[in-house]
Amino acid sequence: TQDVAAYLGIEVGRSDVSNFSDGECNVEIGENVRGKDCFVLQSTCAPANIHVMEVLIMIDALKRASARRITAVVPYYGYARQDRKVKPRVPITAKLLADLIATAGADRVLCMDLHAGQIQGFFDIPTDNLYALPILARDIKARRNLDNVMVVSPDVGGVVRARALAKRLDCLLAIVDKRRERPGESEVMNIIGEVEGKECILIDDIIDSGGTLVNAASALLANGALSVTAYITHGVLSGTAVDRITASSLEELVITDSIQPRGDMVASSKVRVISTAALIGEAINR
């Protein structure tokens with residue numbers, strides 16, 4: 001939030017977010033927001049439930065303080081992976097969260113790299129989905145000789161995203177075909193595409209446990225790739241994911257600051273964070 005405000009040349013609005021003794025969240029706005037255009041910037045990352053409630057309660061506080069328009073800026077939209085019924089008797093929590101944000105009083109929502117584009121349709125208010133791809137592509141161009149680069153999708157579901165990056169970089173595309181036996185685990189089956197002698201760039205929207213990425217990197221190197229670097233928008237990196245990445249054959253993991261990097265991410269020799277402040281700031285400005 002401070003980086004976005006610095007980009008826009010304004011100060012962050014004052015607010016006091018605290019908790020009562022029983023854990024209930026309390027928000028007090030420290031500015032006169034009557035008739036103002038207000039932006040609440042918060043990723044609903046871990047601890048997701050607390051962050052969700054903070055967003056909802058702050059939106060409600062602004063609404064009751066007569067703000068003219070409230071935009072929820074949620075760079076990482078939590079619960080986005082629960083976007084459909086994969087088996088009977090399960091919720092579609094991404095839709096529930098969309099309803100909660102609208103009911104709280106948001107007039108518009110601004111997200112980045114939603115896990116599934118159709119989540120925009122879950123909202124009954126205007127929704128913008130920003131793409132981090134231009135930022136990631138710019139970083140790759142600045143650091144790589146594109147003549148020997150190959151973009152790789154870590155699974156079949158990410159082919160559209162990988163193809164967009166490959167087109168932007170004017171390079172070839174490969175796909176990792178994997179079969180997931182149980183949640184949180186993945187087994188790499190084979191590589192679709194000729195990666196031998198190539199510097200491979202894995203591209204995805206979310207990295208959580210890191211298992212898929214580590215297995216994909218090992219498979220690519222086993223098939224003759226010179227090196228494997230991963231570019232991921234949202235660095236969830238739960239549990240021991242950072243240790244897994246640090247010990248893996250990945251050359252580097254590049255993530256954005258859509259989720260505030262923890263200390264272990266910053267300390268890792270293989271994790272690098274790039275800023276999205278200009279992207280979000282420009283969207284807010286426009």
# chains A, B, ... in the order shown; residues from 1 in each chain; ligands from 1
>>> select_by_dssp(residues="range 24-121 of chain A", states="strand (DSSP E)", output="PyMOL selection string")
chain A and resi 25-29+37-41+69-74+108-112
>>> residues_around(residues="Ser238 in chain A", least_positions_apart="2", cutoff="12 Å", atoms="only C-alpha atoms", output="NGL selection string")
:A and (45-47 or 184 or 206-211 or 234-236 or 240-245 or 259 or 261-262 or 264-265)
>>> select_by_dssp(residues="range 50-257 of chain A", states="helix (DSSP H, G or I)", output="ChimeraX atom specification")
/A:50-64,93-104,117-122,133-143,146-148,156-169,211-222,241-246
>>> residues_around(residues="Asp60 in chain A", least_positions_apart="3", cutoff="8 Å", atoms="only C-alpha atoms", output="ChimeraX atom specification")
/A:56-57,63-64,104-105
>>> closest_residue(among="A:Val152, A:Leu41, A:Ala267, A:Val254", to="Ala5 in chain A", atoms="only C-alpha atoms")
A:Leu41
>>> closest_residue(among="A:Val159, A:Val55, A:Met150, A:Gly117", to="Thr103 in chain A", atoms="only C-alpha atoms")
A:Val55
>>> residues_around(residues="Asn190 in chain A", least_positions_apart="2", cutoff="8 Å", atoms="only C-alpha atoms", output="ChimeraX atom specification")
/A:176-178,188,192,219
>>> decode(residues="range 127-267 of chain A", atoms="C-alpha atoms", output="PDB file, in the first residue's frame")
ATOM      1  CA  THR A 127     -14.433  -6.001 -11.742  1.00  0.00           C
ATOM      2  CA  ASP A 128     -10.987  -5.447 -13.255  1.00  0.00           C
ATOM      3  CA  ASN A 129      -8.452  -8.258 -13.518  1.00  0.00           C
ATOM      4  CA  LEU A 130      -4.926  -6.909 -13.981  1.00  0.00           C
ATOM      5  CA  TYR A 131      -2.172  -9.025 -15.529  1.00  0.00           C
ATOM      6  CA  ALA A 132       1.358  -9.257 -14.135  1.00  0.00           C
ATOM      7  CA  LEU A 133       2.616 -10.743 -17.416  1.00  0.00           C
ATOM      8  CA  PRO A 134       4.067  -7.450 -18.776  1.00  0.00           C
ATOM      9  CA  ILE A 135       6.092  -6.985 -15.558  1.00  0.00           C
ATOM     10  CA  LEU A 136       7.372 -10.573 -15.665  1.00  0.00           C
ATOM     11  CA  ALA A 137       8.183 -10.366 -19.393  1.00  0.00           C
ATOM     12  CA  ARG A 138      10.104  -7.119 -18.861  1.00  0.00           C
ATOM     13  CA  ASP A 139      12.211  -8.783 -16.155  1.00  0.00           C
ATOM     14  CA  ILE A 140      12.948 -11.804 -18.368  1.00  0.00           C
ATOM     15  CA  LYS A 141      13.991  -9.596 -21.291  1.00  0.00           C
ATOM     16  CA  ALA A 142      16.337  -7.619 -19.053  1.00  0.00           C
ATOM     17  CA  ARG A 143      18.083 -10.739 -17.704  1.00  0.00           C
ATOM     18  CA  ARG A 144      18.015 -13.358 -20.474  1.00  0.00           C
ATOM     19  CA  ASN A 145      19.226 -13.961 -23.990  1.00  0.00           C
ATOM     20  CA  LEU A 146      15.875 -14.730 -25.585  1.00  0.00           C
ATOM     21  CA  ASP A 147      17.445 -16.750 -28.426  1.00  0.00           C
ATOM     22  CA  ASN A 148      17.802 -19.745 -26.110  1.00  0.00           C
ATOM     23  CA  VAL A 149      14.717 -19.290 -23.876  1.00  0.00           C
ATOM     24  CA  MET A 150      11.723 -21.648 -23.848  1.00  0.00           C
ATOM     25  CA  VAL A 151       8.534 -20.885 -21.895  1.00  0.00           C
ATOM     26  CA  VAL A 152       7.067 -23.883 -20.056  1.00  0.00           C
ATOM     27  CA  SER A 153       3.604 -24.379 -18.552  1.00  0.00           C
ATOM     28  CA  PRO A 154       3.794 -26.560 -15.391  1.00  0.00           C
ATOM     29  CA  ASP A 155       0.438 -28.131 -16.270  1.00  0.00           C
ATOM     30  CA  VAL A 156      -2.081 -28.309 -19.091  1.00  0.00           C
ATOM     31  CA  GLY A 157      -4.383 -25.798 -17.350  1.00  0.00           C
ATOM     32  CA  GLY A 158      -1.787 -23.014 -17.601  1.00  0.00           C
ATOM     33  CA  VAL A 159      -1.164 -23.295 -21.342  1.00  0.00           C
ATOM     34  CA  VAL A 160      -3.034 -20.089 -22.241  1.00  0.00           C
ATOM     35  CA  ARG A 161      -0.916 -18.060 -19.773  1.00  0.00           C
ATOM     36  CA  ALA A 162       2.317 -19.685 -20.993  1.00  0.00           C
ATOM     37  CA  ARG A 163       1.382 -19.141 -24.642  1.00  0.00           C
ATOM     38  CA  ALA A 164       0.754 -15.436 -23.965  1.00  0.00           C
ATOM     39  CA  LEU A 165       4.240 -15.078 -22.438  1.00  0.00           C
ATOM     40  CA  ALA A 166       5.873 -17.085 -25.234  1.00  0.00           C
ATOM     41  CA  LYS A 167       4.193 -14.834 -27.801  1.00  0.00           C
ATOM     42  CA  ARG A 168       5.357 -11.721 -25.944  1.00  0.00           C
ATOM     43  CA  LEU A 169       8.942 -13.039 -25.813  1.00  0.00           C
ATOM     44  CA  ASP A 170       8.746 -14.535 -29.337  1.00  0.00           C
ATOM     45  CA  CYS A 171      10.031 -17.922 -28.175  1.00  0.00           C
ATOM     46  CA  LEU A 172       8.945 -21.573 -28.140  1.00  0.00           C
ATOM     47  CA  LEU A 173       6.499 -23.251 -25.752  1.00  0.00           C
ATOM     48  CA  ALA A 174       6.561 -26.566 -23.861  1.00  0.00           C
ATOM     49  CA  ILE A 175       4.092 -28.205 -21.468  1.00  0.00           C
ATOM     50  CA  VAL A 176       4.638 -30.409 -18.424  1.00  0.00           C
ATOM     51  CA  ASP A 177       2.030 -33.181 -18.376  1.00  0.00           C
ATOM     52  CA  LYS A 178       1.443 -34.265 -14.776  1.00  0.00           C
ATOM     53  CA  ARG A 179      -0.958 -36.484 -12.923  1.00  0.00           C
ATOM     54  CA  ARG A 180      -1.935 -35.504  -9.381  1.00  0.00           C
ATOM     55  CA  GLU A 181      -2.583 -38.566  -7.217  1.00  0.00           C
ATOM     56  CA  ARG A 182      -3.825 -36.677  -4.121  1.00  0.00           C
ATOM     57  CA  PRO A 183      -4.132 -33.010  -3.011  1.00  0.00           C
ATOM     58  CA  GLY A 184      -0.772 -31.333  -2.363  1.00  0.00           C
ATOM     59  CA  GLU A 185       1.182 -33.947  -4.313  1.00  0.00           C
ATOM     60  CA  SER A 186       1.977 -34.161  -8.008  1.00  0.00           C
ATOM     61  CA  GLU A 187       3.710 -36.693 -10.215  1.00  0.00           C
ATOM     62  CA  VAL A 188       5.369 -35.508 -13.400  1.00  0.00           C
ATOM     63  CA  MET A 189       4.652 -37.813 -16.313  1.00  0.00           C
ATOM     64  CA  ASN A 190       6.328 -36.334 -19.402  1.00  0.00           C
ATOM     65  CA  ILE A 191       7.340 -33.185 -21.253  1.00  0.00           C
ATOM     66  CA  ILE A 192       5.491 -32.054 -24.367  1.00  0.00           C
ATOM     67  CA  GLY A 193       8.071 -30.129 -26.425  1.00  0.00           C
ATOM     68  CA  GLU A 194      11.815 -30.243 -27.090  1.00  0.00           C
ATOM     69  CA  VAL A 195      13.579 -28.614 -24.118  1.00  0.00           C
ATOM     70  CA  GLU A 196      17.072 -30.015 -24.622  1.00  0.00           C
ATOM     71  CA  GLY A 197      19.712 -27.246 -24.522  1.00  0.00           C
ATOM     72  CA  LYS A 198      17.129 -24.591 -23.575  1.00  0.00           C
ATOM     73  CA  GLU A 199      16.894 -22.131 -20.672  1.00  0.00           C
ATOM     74  CA  CYS A 200      13.395 -22.923 -19.428  1.00  0.00           C
ATOM     75  CA  ILE A 201      11.041 -20.353 -17.877  1.00  0.00           C
ATOM     76  CA  LEU A 202       8.192 -21.898 -15.877  1.00  0.00           C
ATOM     77  CA  ILE A 203       5.184 -19.561 -15.636  1.00  0.00           C
ATOM     78  CA  ASP A 204       2.158 -19.878 -13.328  1.00  0.00           C
ATOM     79  CA  ASP A 205      -0.252 -17.733 -11.299  1.00  0.00           C
ATOM     80  CA  ILE A 206       0.107 -19.330  -7.837  1.00  0.00           C
ATOM     81  CA  ILE A 207       2.811 -21.276  -6.035  1.00  0.00           C
ATOM     82  CA  ASP A 208       1.597 -22.864  -2.808  1.00  0.00           C
ATOM     83  CA  SER A 209       3.436 -25.971  -1.578  1.00  0.00           C
ATOM     84  CA  GLY A 210       5.935 -25.769  -4.448  1.00  0.00           C
ATOM     85  CA  GLY A 211       5.745 -29.505  -5.164  1.00  0.00           C
ATOM     86  CA  THR A 212       4.511 -29.141  -8.740  1.00  0.00           C
ATOM     87  CA  LEU A 213       7.203 -26.612  -9.614  1.00  0.00           C
ATOM     88  CA  VAL A 214      10.052 -28.606  -8.055  1.00  0.00           C
ATOM     89  CA  ASN A 215       8.974 -31.795  -9.843  1.00  0.00           C
ATOM     90  CA  ALA A 216       8.576 -29.917 -13.126  1.00  0.00           C
ATOM     91  CA  ALA A 217      12.078 -28.425 -12.806  1.00  0.00           C
ATOM     92  CA  SER A 218      13.582 -31.881 -12.158  1.00  0.00           C
ATOM     93  CA  ALA A 219      11.764 -33.338 -15.163  1.00  0.00           C
ATOM     94  CA  LEU A 220      12.910 -30.508 -17.449  1.00  0.00           C
ATOM     95  CA  LEU A 221      16.556 -30.894 -16.381  1.00  0.00           C
ATOM     96  CA  ALA A 222      16.289 -34.674 -16.834  1.00  0.00           C
ATOM     97  CA  ASN A 223      15.138 -33.985 -20.401  1.00  0.00           C
ATOM     98  CA  GLY A 224      18.239 -31.888 -21.147  1.00  0.00           C
ATOM     99  CA  ALA A 225      17.233 -28.331 -20.174  1.00  0.00           C
ATOM    100  CA  LEU A 226      20.224 -26.119 -19.332  1.00  0.00           C
ATOM    101  CA  SER A 227      18.459 -24.302 -16.480  1.00  0.00           C
ATOM    102  CA  VAL A 228      14.987 -23.774 -15.033  1.00  0.00           C
ATOM    103  CA  THR A 229      13.683 -20.470 -13.633  1.00  0.00           C
ATOM    104  CA  ALA A 230      10.127 -19.967 -12.362  1.00  0.00           C
ATOM    105  CA  TYR A 231       8.082 -16.767 -12.667  1.00  0.00           C
ATOM    106  CA  ILE A 232       4.961 -16.853 -10.471  1.00  0.00           C
ATOM    107  CA  THR A 233       2.553 -13.992  -9.717  1.00  0.00           C
ATOM    108  CA  HIS A 234       1.334 -14.994  -6.250  1.00  0.00           C
ATOM    109  CA  GLY A 235       3.889 -16.438  -3.826  1.00  0.00           C
ATOM    110  CA  VAL A 236       1.635 -18.182  -1.291  1.00  0.00           C
ATOM    111  CA  LEU A 237       4.521 -20.527  -0.306  1.00  0.00           C
ATOM    112  CA  SER A 238       2.797 -22.215   2.623  1.00  0.00           C
ATOM    113  CA  GLY A 239       4.399 -24.599   5.098  1.00  0.00           C
ATOM    114  CA  THR A 240       7.949 -25.647   4.159  1.00  0.00           C
ATOM    115  CA  ALA A 241       7.620 -24.445   0.556  1.00  0.00           C
ATOM    116  CA  VAL A 242      10.525 -21.955   0.786  1.00  0.00           C
ATOM    117  CA  ASP A 243      12.868 -24.675   2.084  1.00  0.00           C
ATOM    118  CA  ARG A 244      11.682 -26.973  -0.710  1.00  0.00           C
ATOM    119  CA  ILE A 245      12.423 -24.308  -3.324  1.00  0.00           C
ATOM    120  CA  THR A 246      15.824 -23.484  -1.817  1.00  0.00           C
ATOM    121  CA  ALA A 247      16.841 -27.172  -1.879  1.00  0.00           C
ATOM    122  CA  SER A 248      15.470 -27.771  -5.394  1.00  0.00           C
ATOM    123  CA  SER A 249      17.158 -27.721  -8.798  1.00  0.00           C
ATOM    124  CA  LEU A 250      15.386 -24.443  -9.673  1.00  0.00           C
ATOM    125  CA  GLU A 251      17.861 -21.695 -10.554  1.00  0.00           C
ATOM    126  CA  GLU A 252      15.550 -18.964  -9.247  1.00  0.00           C
ATOM    127  CA  LEU A 253      11.952 -18.322  -8.218  1.00  0.00           C
ATOM    128  CA  VAL A 254      10.659 -14.858  -9.107  1.00  0.00           C
ATOM    129  CA  ILE A 255       7.412 -13.754  -7.425  1.00  0.00           C
ATOM    130  CA  THR A 256       5.572 -10.444  -7.190  1.00  0.00           C
ATOM    131  CA  ASP A 257       4.678  -8.584  -3.995  1.00  0.00           C
ATOM    132  CA  SER A 258       0.941  -9.225  -4.478  1.00  0.00           C
ATOM    133  CA  ILE A 259       1.380 -11.093  -1.179  1.00  0.00           C
ATOM    134  CA  GLN A 260       3.650  -9.339   1.334  1.00  0.00           C
ATOM    135  CA  PRO A 261       6.881 -11.433   1.330  1.00  0.00           C
ATOM    136  CA  ARG A 262       7.691 -13.123   4.640  1.00  0.00           C
ATOM    137  CA  GLY A 263      11.154 -13.096   6.181  1.00  0.00           C
ATOM    138  CA  ASP A 264      12.038 -16.598   4.984  1.00  0.00           C
ATOM    139  CA  MET A 265      11.208 -15.605   1.385  1.00  0.00           C
ATOM    140  CA  VAL A 266      13.430 -12.509   1.566  1.00  0.00           C
ATOM    141  CA  ALA A 267      16.239 -14.517   3.181  1.00  0.00           C
TER     142      ALA A 267
END
